[in-house]
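Okay, upload04.pdb now, which holds PDB, C-alpha atoms and all ligand atoms:
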```pdb
ATOM      1  CA  MET G   1      -7.340  -8.313  12.425
ATOM      2  CA  GLU G   2      -8.087  -7.456  16.043
ATOM      3  CA  LEU G   3      -6.708  -3.901  15.968
ATOM      4  CA  LEU G   4      -8.973  -3.039  13.033
ATOM      5  CA  LYS G   5     -12.051  -4.576  14.659
ATOM      6  CA  GLU G   6     -11.395  -2.584  17.849
ATOM      7  CA  ARG G   7     -11.098   0.601  15.814
ATOM      8  CA  ILE G   8     -14.345  -0.117  13.957
ATOM      9  CA  ARG G   9     -16.105  -0.702  17.302
ATOM     10  CA  LYS G  10     -14.663   2.517  18.714
ATOM     11  CA  ASP G  11     -14.991   4.922  15.781
ATOM     12  CA  GLY G  12     -17.324   3.297  13.228
ATOM     13  CA  VAL G  13     -20.801   4.799  12.897
ATOM     14  CA  ILE G  14     -23.625   2.586  11.625
ATOM     15  CA  LYS G  15     -26.082   4.388   9.370
ATOM     16  CA  GLU G  16     -29.518   3.298   8.229
ATOM     17  CA  GLY G  17     -29.418   1.351   4.967
ATOM     18  CA  ASN G  18     -26.580  -0.961   6.035
ATOM     19  CA  VAL G  19     -23.880   1.650   5.611
ATOM     20  CA  LEU G  20     -20.916   1.784   7.972
ATOM     21  CA  LYS G  21     -19.063   5.079   8.191
ATOM     22  CA  VAL G  22     -15.374   4.794   8.960
ATOM     23  CA  ASP G  23     -14.427   8.165   7.555
ATOM     24  CA  SER G  24     -12.596   9.290  10.694
ATOM     25  CA  PHE G  25      -9.803   6.746  10.111
ATOM     26  CA  LEU G  26     -10.104   4.948   6.766
ATOM     27  CA  ASN G  27     -11.719   6.671   3.826
ATOM     28  CA  HIS G  28     -11.894  10.394   4.468
ATOM     29  CA  ARG G  29      -9.340  11.123   7.174
ATOM     30  CA  MET G  30      -6.782   8.329   7.012
ATOM     31  CA  ASP G  31      -4.900   6.896  10.003
ATOM     32  CA  ILE G  32      -1.653   6.070   8.223
ATOM     33  CA  ASP G  33      -0.263   4.020  11.097
ATOM     34  CA  LEU G  34      -3.331   1.769  11.013
ATOM     35  CA  ILE G  35      -3.270   1.571   7.211
ATOM     36  CA  ASN G  36       0.401   0.567   7.377
ATOM     37  CA  GLN G  37      -0.592  -2.316   9.622
ATOM     38  CA  ILE G  38      -3.407  -3.168   7.204
ATOM     39  CA  GLY G  39      -0.873  -3.266   4.351
ATOM     40  CA  ARG G  40       1.430  -5.506   6.369
ATOM     41  CA  GLU G  41      -1.476  -7.863   7.162
ATOM     42  CA  PHE G  42      -2.350  -8.167   3.445
ATOM     43  CA  ALA G  43       1.314  -9.010   2.800
ATOM     44  CA  VAL G  44       1.126 -11.790   5.424
ATOM     45  CA  ARG G  45      -2.146 -13.154   4.003
ATOM     46  CA  PHE G  46      -0.798 -13.255   0.445
ATOM     47  CA  GLU G  47       2.727 -14.336   1.364
ATOM     48  CA  GLY G  48       4.243 -16.633  -1.254
ATOM     49  CA  GLU G  49       2.112 -15.200  -4.077
ATOM     50  CA  LYS G  50       4.098 -13.317  -6.675
ATOM     51  CA  ILE G  51       2.069 -10.128  -7.136
ATOM     52  CA  ASP G  52       2.959  -8.104 -10.238
ATOM     53  CA  GLN G  53       0.516  -5.308  -9.632
ATOM     54  CA  ILE G  54      -2.262  -4.134  -7.310
ATOM     55  CA  MET G  55      -5.549  -2.921  -8.780
ATOM     56  CA  THR G  56      -8.080  -0.772  -6.947
ATOM     57  CA  ILE G  57     -10.869   1.656  -7.719
ATOM     58  CA  GLU G  58     -10.998   5.404  -7.167
ATOM     59  CA  ALA G  59     -11.214   7.126  -4.838
ATOM     60  CA  SER G  60     -11.098   5.514  -1.424
ATOM     61  CA  GLY G  61      -9.187   2.395  -2.483
ATOM     62  CA  ILE G  62      -6.186   4.371  -3.705
ATOM     63  CA  GLY G  63      -4.567   5.339  -0.407
ATOM     64  CA  ILE G  64      -4.960   1.856   1.047
ATOM     65  CA  ALA G  65      -3.626   0.224  -2.130
ATOM     66  CA  ALA G  66      -0.666   2.618  -2.293
ATOM     67  CA  ILE G  67       0.442   1.816   1.240
ATOM     68  CA  THR G  68      -0.162  -1.918   0.717
ATOM     69  CA  ALA G  69       1.913  -1.892  -2.489
ATOM     70  CA  GLN G  70       4.990  -0.925  -0.498
ATOM     71  CA  TYR G  71       4.871  -4.369   1.135
ATOM     72  CA  PHE G  72       4.639  -6.080  -2.271
ATOM     73  CA  ASN G  73       7.113  -3.809  -4.094
ATOM     74  CA  CYS G  74       4.740  -3.441  -7.001
ATOM     75  CA  PRO G  75       2.854  -0.648  -8.752
ATOM     76  CA  VAL G  76      -0.804   0.269  -8.228
ATOM     77  CA  VAL G  77      -3.265   0.867 -11.023
ATOM     78  CA  PHE G  78      -6.648   2.289 -10.114
ATOM     79  CA  ALA G  79      -9.793   2.029 -12.186
ATOM     80  CA  LYS G  80     -11.304   5.413 -13.047
ATOM     81  CA  LYS G  81     -14.988   6.064 -12.705
ATOM     82  CA  THR G  82     -15.284   8.976 -15.095
ATOM     83  CA  GLN G  83     -14.369   9.308 -18.715
ATOM     84  CA  SER G  84     -11.577  11.834 -19.169
ATOM     85  CA  ILE G  85      -9.569  13.221 -22.066
ATOM     86  CA  ASN G  86      -6.562  11.835 -20.236
ATOM     87  CA  LEU G  87      -7.855   8.337 -21.010
ATOM     88  CA  ASP G  88      -6.650   8.366 -24.584
ATOM     89  CA  GLY G  89      -5.548   4.822 -25.264
ATOM     90  CA  ASN G  90      -7.384   1.519 -25.560
ATOM     91  CA  VAL G  91      -9.577   1.230 -22.529
ATOM     92  CA  LEU G  92     -10.864  -1.832 -20.686
ATOM     93  CA  THR G  93     -14.253  -1.184 -19.114
ATOM     94  CA  ALA G  94     -16.796  -2.862 -16.866
ATOM     95  CA  ARG G  95     -20.211  -1.746 -15.596
ATOM     96  CA  VAL G  96     -20.505  -1.450 -11.829
ATOM     97  CA  GLU G  97     -23.550  -0.841  -9.698
ATOM     98  CA  SER G  98     -22.744   1.519  -6.846
ATOM     99  CA  PHE G  99     -23.838   0.317  -3.435
ATOM    100  CA  THR G 100     -23.524   3.706  -1.736
ATOM    101  CA  LYS G 101     -24.631   5.970  -4.591
ATOM    102  CA  LYS G 102     -27.408   3.721  -5.969
ATOM    103  CA  LYS G 103     -26.456   4.167  -9.606
ATOM    104  CA  THR G 104     -24.562   2.325 -12.309
ATOM    105  CA  TYR G 105     -21.292   3.576 -13.732
ATOM    106  CA  ASP G 106     -18.429   2.394 -15.932
ATOM    107  CA  VAL G 107     -14.990   1.720 -14.532
ATOM    108  CA  MET G 108     -12.041   2.131 -16.876
ATOM    109  CA  VAL G 109      -8.399   1.143 -17.023
ATOM    110  CA  GLU G 110      -6.120   1.796 -19.988
ATOM    111  CA  SER G 111      -5.234  -1.581 -21.443
ATOM    112  CA  ARG G 112      -1.513  -0.773 -21.586
ATOM    113  CA  PHE G 113      -1.476  -0.808 -17.770
ATOM    114  CA  VAL G 114      -2.718  -4.411 -17.466
ATOM    115  CA  ARG G 115      -0.556  -6.923 -19.304
ATOM    116  CA  PRO G 116      -1.567 -10.465 -20.275
ATOM    117  CA  GLY G 117      -0.231 -13.017 -17.788
ATOM    118  CA  GLU G 118       0.237 -10.551 -14.918
ATOM    119  CA  ASN G 119      -0.769 -11.727 -11.457
ATOM    120  CA  ILE G 120      -2.931  -8.977  -9.973
ATOM    121  CA  LEU G 121      -4.128  -8.421  -6.418
ATOM    122  CA  ILE G 122      -7.347  -6.419  -6.027
ATOM    123  CA  ILE G 123      -7.509  -4.175  -2.939
ATOM    124  CA  ASP G 124     -10.487  -2.130  -1.719
ATOM    125  CA  ASP G 125     -11.807  -0.553   1.451
ATOM    126  CA  PHE G 126     -15.245  -2.228   1.537
ATOM    127  CA  MET G 127     -17.033  -5.195   0.095
ATOM    128  CA  ALA G 128     -20.831  -5.203   0.172
ATOM    129  CA  LYS G 129     -22.506  -7.001  -2.736
ATOM    130  CA  GLY G 130     -19.204  -7.490  -4.529
ATOM    131  CA  TYR G 131     -20.081  -5.378  -7.571
ATOM    132  CA  ALA G 132     -16.963  -3.187  -7.508
ATOM    133  CA  ALA G 133     -14.660  -6.199  -7.061
ATOM    134  CA  ARG G 134     -16.435  -8.093  -9.847
ATOM    135  CA  GLY G 135     -15.926  -5.113 -12.177
ATOM    136  CA  LEU G 136     -12.190  -5.236 -11.499
ATOM    137  CA  VAL G 137     -12.112  -9.026 -11.970
ATOM    138  CA  GLU G 138     -13.796  -8.510 -15.356
ATOM    139  CA  ILE G 139     -11.208  -5.911 -16.405
ATOM    140  CA  ILE G 140      -8.330  -8.189 -15.373
ATOM    141  CA  GLN G 141      -9.838 -11.092 -17.299
ATOM    142  CA  GLN G 142     -10.445  -8.930 -20.401
ATOM    143  CA  ALA G 143      -6.724  -8.123 -20.361
ATOM    144  CA  GLY G 144      -5.775 -11.798 -20.174
ATOM    145  CA  ALA G 145      -4.237 -11.258 -16.747
ATOM    146  CA  LYS G 146      -4.838 -13.340 -13.619
ATOM    147  CA  VAL G 147      -6.621 -12.455 -10.366
ATOM    148  CA  ALA G 148      -4.287 -13.465  -7.530
ATOM    149  CA  GLY G 149      -6.957 -12.635  -4.982
ATOM    150  CA  ILE G 150      -8.965  -9.858  -3.415
ATOM    151  CA  GLY G 151      -7.936  -8.067  -0.220
ATOM    152  CA  ILE G 152     -10.708  -6.159   1.513
ATOM    153  CA  VAL G 153     -10.397  -4.071   4.661
ATOM    154  CA  ILE G 154     -14.050  -4.385   5.768
ATOM    155  CA  GLU G 155     -16.423  -6.976   4.344
ATOM    156  CA  LYS G 156     -20.095  -6.767   5.209
ATOM    157  CA  GLY G 157     -20.616 -10.518   5.265
ATOM    158  CA  PHE G 158     -24.396 -10.234   5.500
ATOM    159  CA  GLN G 159     -24.491  -8.709   1.996
ATOM    160  CA  HIS G 160     -22.821 -11.861   0.613
ATOM    161  CA  GLY G 161     -20.599 -10.326  -2.101
ATOM    162  CA  GLY G 162     -17.521 -11.996  -0.647
ATOM    163  CA  ASP G 163     -19.175 -15.387  -0.288
ATOM    164  CA  GLY G 164     -20.310 -15.282  -3.935
ATOM    165  CA  LEU G 165     -16.784 -14.527  -5.126
ATOM    166  CA  ARG G 166     -15.341 -17.302  -2.908
ATOM    167  CA  GLU G 167     -17.878 -19.720  -4.388
ATOM    168  CA  ASP G 168     -16.596 -18.697  -7.811
ATOM    169  CA  GLY G 169     -13.132 -19.855  -6.722
ATOM    170  CA  ILE G 170     -11.593 -16.425  -6.106
ATOM    171  CA  ARG G 171      -9.525 -16.007  -2.970
ATOM    172  CA  VAL G 172     -11.016 -13.205  -0.859
ATOM    173  CA  GLU G 173      -9.133 -12.110   2.263
ATOM    174  CA  SER G 174     -11.019  -9.624   4.417
ATOM    175  CA  LEU G 175      -9.418  -8.188   7.527
ATOM    176  CA  ALA G 176     -12.741  -7.658   9.321
ATOM    177  CA  ILE G 177     -15.962  -9.403   8.340
ATOM    178  CA  ILE G 178     -19.164  -7.976   9.770
ATOM    179  CA  GLU G 179     -21.874 -10.569  10.276
ATOM    180  CA  GLU G 180     -24.508  -8.236  11.702
ATOM    181  CA  MET G 181     -24.844  -4.543  12.447
ATOM    182  CA  ASP G 182     -27.622  -2.597  14.059
ATOM    183  CA  ALA G 183     -27.997   1.150  13.508
ATOM    184  CA  THR G 184     -30.341   1.699  16.459
ATOM    185  CA  ALA G 185     -28.160  -0.053  19.045
ATOM    186  CA  GLN G 186     -24.894   0.866  17.237
ATOM    187  CA  LYS G 187     -23.896  -2.782  17.662
ATOM    188  CA  ILE G 188     -21.591  -4.811  15.422
ATOM    189  CA  VAL G 189     -21.045  -8.575  15.391
ATOM    190  CA  PHE G 190     -17.930  -9.795  13.567
ATOM    191  CA  ARG G 191     -17.570 -13.189  11.885
ATOM    192  CA  GLU G 192     -15.204 -15.406  13.889
TER     193      GLU G 192
HETATM  194  P1  LIG G 201     -20.021  -3.478  -3.499
HETATM  195  O1  LIG G 201     -19.626  -3.101  -4.888
HETATM  196  O2  LIG G 201     -19.246  -4.645  -2.949
HETATM  197  O3  LIG G 201     -21.504  -3.671  -3.354
HETATM  198  O4  LIG G 201     -19.679  -2.224  -2.592
HETATM  199  C1  LIG G 201     -18.339  -1.881  -2.382
HETATM  200  C2  LIG G 201     -18.089  -0.433  -2.686
HETATM  201  O5  LIG G 201     -19.119   0.394  -2.141
HETATM  202  C3  LIG G 201     -16.786  -0.033  -2.030
HETATM  203  O6  LIG G 201     -15.893   0.403  -3.050
HETATM  204  C4  LIG G 201     -17.143   1.100  -1.076
HETATM  205  O7  LIG G 201     -16.572   2.281  -1.539
HETATM  206  C5  LIG G 201     -18.649   1.209  -1.112
HETATM  207  N1  LIG G 201     -19.307   0.727   0.124
HETATM  208  C6  LIG G 201     -20.117  -0.350   0.251
HETATM  209  N2  LIG G 201     -20.601  -0.453   1.473
HETATM  210  C7  LIG G 201     -20.091   0.570   2.194
HETATM  211  C8  LIG G 201     -20.240   0.991   3.555
HETATM  212  O8  LIG G 201     -20.962   0.400   4.391
HETATM  213  N3  LIG G 201     -19.538   2.093   3.919
HETATM  214  C9  LIG G 201     -18.738   2.777   3.046
HETATM  215  N4  LIG G 201     -18.089   3.841   3.513
HETATM  216  N5  LIG G 201     -18.585   2.411   1.751
HETATM  217  C10 LIG G 201     -19.255   1.317   1.323
END
```
Rendering of file as structure tokens:
Amino acid sequence: MELLKERIRKDGVIKEGNVLKVDSFLNHRMDIDLINQIGREFAVRFEGEKIDQIMTIEASGIGIAAITAQYFNCPVVFAKKTQSINLDGNVLTARVESFTKKKTYDVMVESRFVRPGENILIIDDFMAKGYAARGLVEIIQQAGAKVAGIGIVIEKGFQHGGDGLREDGIRVESLAIIEEMDATAQKIVFRE
């Protein structure tokens, strides 16, 4: 998605440790016009798939998933990262290693919100090693539902999470795939 790549080049900031900051337009302040176009692009990529529900993970996936869901006319369920008294039913859980926070945590979805047989599209802002997406895949499979695919706004291709999932037969559609990035030169190379 050319518009997204241009925006990453213009406003993305590459940090040491292979972290890309896009908080001026994607996951802190949100450019809703751009995210609308992102949602429309996911709808084009997954055209013809009957999507019953979108699943994402709190917090930064929620806004993107909510806008995307308007193009699929379906609800969004987001996995929670913290146990809460509001999670009072049967809960599906998966362990996820956090790329940015360097710790492991549980993600949780109440089982009544994922029905057996549903076709579910996973949406998230970033893919690095694929841990977050794999946690959601696990939850969907525990529920007896089906993973329609994974839609990612920015995939860091050099961390190979997306390639691993593709090798496992899961459809991963990323709107910008970064092949290389250099914090010193502030240079990004996208996969063609
Ligand atoms: P993974 O689980 O694929 O290793 O990492 C994906 C998760 O970590 C995403 O949900 C995202 O929130 C976060 N993440 C990974 N890499 C980056 C990055 O370079 N920048 C930002 N802002 N978040 C990242």
message: Can you work out which residues are within 10 Å of ligand LIG 201 (chain G), considering only C-alpha atoms and all ligand atoms, and then hand them over as a ChimeraX atom specification?
response: /G:12-23,26-28,56-61,96-102,123-135,152,154-156,159-162
Residues picked by the PyMOL selection byres (((chain G and resi 72) around 10) and not hetatm) here, as a short mmCIF file (atom, residue, chain, number, x, y, z; two decimals) with C-alpha atoms, keeping the file's coordinate frame?
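Saved as expr.cif:
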```cif
data_model
loop_
_atom_site.label_atom_id
_atom_site.label_comp_id
_atom_site.auth_asym_id
_atom_site.auth_seq_id
_atom_site.Cartn_x
_atom_site.Cartn_y
_atom_site.Cartn_z
CA GLY G 39 -0.87 -3.27 4.35
CA ARG G 40 1.43 -5.51 6.37
CA PHE G 42 -2.35 -8.17 3.44
CA ALA G 43 1.31 -9.01 2.80
CA PHE G 46 -0.80 -13.26 0.44
CA GLU G 47 2.73 -14.34 1.36
CA GLU G 49 2.11 -15.20 -4.08
CA LYS G 50 4.10 -13.32 -6.68
CA ILE G 51 2.07 -10.13 -7.14
CA ASP G 52 2.96 -8.10 -10.24
CA GLN G 53 0.52 -5.31 -9.63
CA ILE G 54 -2.26 -4.13 -7.31
CA ILE G 67 0.44 1.82 1.24
CA THR G 68 -0.16 -1.92 0.72
CA ALA G 69 1.91 -1.89 -2.49
CA GLN G 70 4.99 -0.92 -0.50
CA TYR G 71 4.87 -4.37 1.14
CA ASN G 73 7.11 -3.81 -4.09
CA CYS G 74 4.74 -3.44 -7.00
CA PRO G 75 2.85 -0.65 -8.75
CA LEU G 121 -4.13 -8.42 -6.42
#
```
What box, with edges along x, y and z, holds each listed atom of range 154-173 of chain G when 8 Å is added on every side, and can you state its centre and edge lengths in Å to one decimal, as JSON?
```
{"center_x": -16.8, "center_y": -12.1, "center_z": -1.0, "size_x": 31.4, "size_y": 31.5, "size_z": 29.6}
```
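For the structure in this document, the set picked by the PyMOL selection byres (((chain G and resi 90) around 8) and not hetatm) is G:Asp88, G:Gly89, G:Val91, G:Leu92, G:Glu110, G:Ser111, G:Arg112.
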For C-alpha atoms, I'd like the residues from the last selection saved as a PDB file, in the frame of the given file.
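As written to disk, selection-v6.pdb reads:
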```pdb
ATOM      1  CA  ASP G  88      -6.650   8.366 -24.584  1.00  0.00           C
ATOM      2  CA  GLY G  89      -5.548   4.822 -25.264  1.00  0.00           C
ATOM      3  CA  VAL G  91      -9.577   1.230 -22.529  1.00  0.00           C
ATOM      4  CA  LEU G  92     -10.864  -1.832 -20.686  1.00  0.00           C
ATOM      5  CA  GLU G 110      -6.120   1.796 -19.988  1.00  0.00           C
ATOM      6  CA  SER G 111      -5.234  -1.581 -21.443  1.00  0.00           C
ATOM      7  CA  ARG G 112      -1.513  -0.773 -21.586  1.00  0.00           C
TER       8      ARG G 112
END
```
task: Please evaluate the PyMOL selection byres (((chain G and resi 191) around 6) and not hetatm) against the structure above and give the resulting residues as JSON, numbers by chain.
output: {"G": [177, 178, 179, 190, 192]}
- request: Could you check how far CA of Gly169 in chain G sits from CA of Gly151 in chain G, in Å to one decimal?
  value: 14.4 Å
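Candidate residues G:Val153, G:Ile122, G:Val109, G:Ile140 were compared for distance to Arg171 in chain G, and the nearest is G:Ile122, using all atoms listed in the file.
CA of Glu180 in chain G to CA of Leu3 in chain G spans 18.8 Å [interatomic distance, one decimal].
Checking G:Ile62, G:Gly157, G:Val107, G:Asp11 one by one against Lys80 in chain G, counting all atoms listed in the file, you find the shortest gap at G:Val107.
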Output requested as a short mmCIF file (atom, residue, chain, number, x, y, z; two decimals), in the coordinates of the input - range 53-77 of chain G, filled out with N, CA, C and O atoms.
```cif
data_model
loop_
_atom_site.label_atom_id
_atom_site.label_comp_id
_atom_site.auth_asym_id
_atom_site.auth_seq_id
_atom_site.Cartn_x
_atom_site.Cartn_y
_atom_site.Cartn_z
N GLN G 53 1.15 -6.62 -9.69
CA GLN G 53 0.52 -5.31 -9.63
C GLN G 53 -0.71 -5.38 -8.71
O GLN G 53 -1.34 -6.41 -8.59
N ILE G 54 -1.03 -4.24 -8.09
CA ILE G 54 -2.26 -4.13 -7.31
C ILE G 54 -3.24 -3.30 -8.12
O ILE G 54 -2.85 -2.30 -8.73
N MET G 55 -4.52 -3.73 -8.12
CA MET G 55 -5.55 -2.92 -8.78
C MET G 55 -6.60 -2.53 -7.75
O MET G 55 -7.00 -3.32 -6.91
N THR G 56 -7.02 -1.26 -7.82
CA THR G 56 -8.08 -0.77 -6.95
C THR G 56 -8.99 0.15 -7.75
O THR G 56 -8.89 0.22 -8.97
N ILE G 57 -9.88 0.81 -7.05
CA ILE G 57 -10.87 1.66 -7.72
C ILE G 57 -10.89 3.02 -7.03
O ILE G 57 -10.77 3.07 -5.80
N GLU G 58 -11.01 4.09 -7.80
CA GLU G 58 -11.00 5.40 -7.17
C GLU G 58 -12.31 5.63 -6.43
O GLU G 58 -13.33 5.07 -6.80
N ALA G 59 -12.34 6.41 -5.38
CA ALA G 59 -11.21 7.13 -4.84
C ALA G 59 -10.68 6.46 -3.57
O ALA G 59 -9.47 6.42 -3.34
N SER G 60 -11.56 5.88 -2.77
CA SER G 60 -11.10 5.51 -1.42
C SER G 60 -10.17 4.30 -1.39
O SER G 60 -9.48 4.08 -0.40
N GLY G 61 -10.12 3.53 -2.47
CA GLY G 61 -9.19 2.40 -2.48
C GLY G 61 -7.74 2.82 -2.68
O GLY G 61 -6.82 2.09 -2.32
N ILE G 62 -7.54 4.01 -3.24
CA ILE G 62 -6.19 4.37 -3.70
C ILE G 62 -5.16 4.46 -2.57
O ILE G 62 -4.08 3.90 -2.65
N GLY G 63 -5.52 5.16 -1.51
CA GLY G 63 -4.57 5.34 -0.41
C GLY G 63 -4.20 4.00 0.22
O GLY G 63 -3.01 3.74 0.50
N ILE G 64 -5.19 3.17 0.42
CA ILE G 64 -4.96 1.86 1.05
C ILE G 64 -4.08 1.00 0.13
O ILE G 64 -3.13 0.36 0.57
N ALA G 65 -4.40 1.02 -1.16
CA ALA G 65 -3.63 0.22 -2.13
C ALA G 65 -2.18 0.73 -2.21
O ALA G 65 -1.24 -0.06 -2.31
N ALA G 66 -2.01 2.04 -2.16
CA ALA G 66 -0.67 2.62 -2.29
C ALA G 66 0.22 2.21 -1.12
O ALA G 66 1.39 1.85 -1.30
N ILE G 67 -0.35 2.22 0.07
CA ILE G 67 0.44 1.82 1.24
C ILE G 67 0.71 0.31 1.19
O ILE G 67 1.82 -0.15 1.44
N THR G 68 -0.31 -0.46 0.81
CA THR G 68 -0.16 -1.92 0.72
C THR G 68 0.91 -2.30 -0.30
O THR G 68 1.71 -3.22 -0.08
N ALA G 69 0.97 -1.57 -1.41
CA ALA G 69 1.91 -1.89 -2.49
C ALA G 69 3.37 -1.82 -2.03
O ALA G 69 4.24 -2.50 -2.58
N GLN G 70 3.61 -1.02 -0.99
CA GLN G 70 4.99 -0.92 -0.50
C GLN G 70 5.46 -2.24 0.11
O GLN G 70 6.64 -2.52 0.14
N TYR G 71 4.51 -3.06 0.58
CA TYR G 71 4.87 -4.37 1.14
C TYR G 71 5.03 -5.42 0.04
O TYR G 71 5.56 -6.49 0.29
N PHE G 72 4.54 -5.13 -1.16
CA PHE G 72 4.64 -6.08 -2.27
C PHE G 72 5.66 -5.62 -3.32
O PHE G 72 5.92 -6.33 -4.28
N ASN G 73 6.19 -4.40 -3.12
CA ASN G 73 7.11 -3.81 -4.09
C ASN G 73 6.56 -3.86 -5.51
O ASN G 73 7.24 -4.32 -6.43
N CYS G 74 5.35 -3.41 -5.67
CA CYS G 74 4.74 -3.44 -7.00
C CYS G 74 3.97 -2.14 -7.23
O CYS G 74 3.67 -1.41 -6.29
N PRO G 75 3.65 -1.85 -8.49
CA PRO G 75 2.85 -0.65 -8.75
C PRO G 75 1.37 -0.84 -8.44
O PRO G 75 0.91 -1.96 -8.23
N VAL G 76 0.66 0.28 -8.42
CA VAL G 76 -0.80 0.27 -8.23
C VAL G 76 -1.45 0.88 -9.47
O VAL G 76 -1.01 1.92 -9.94
N VAL G 77 -2.46 0.23 -9.98
CA VAL G 77 -3.26 0.87 -11.02
C VAL G 77 -4.67 0.98 -10.46
O VAL G 77 -5.16 0.05 -9.82
#
```
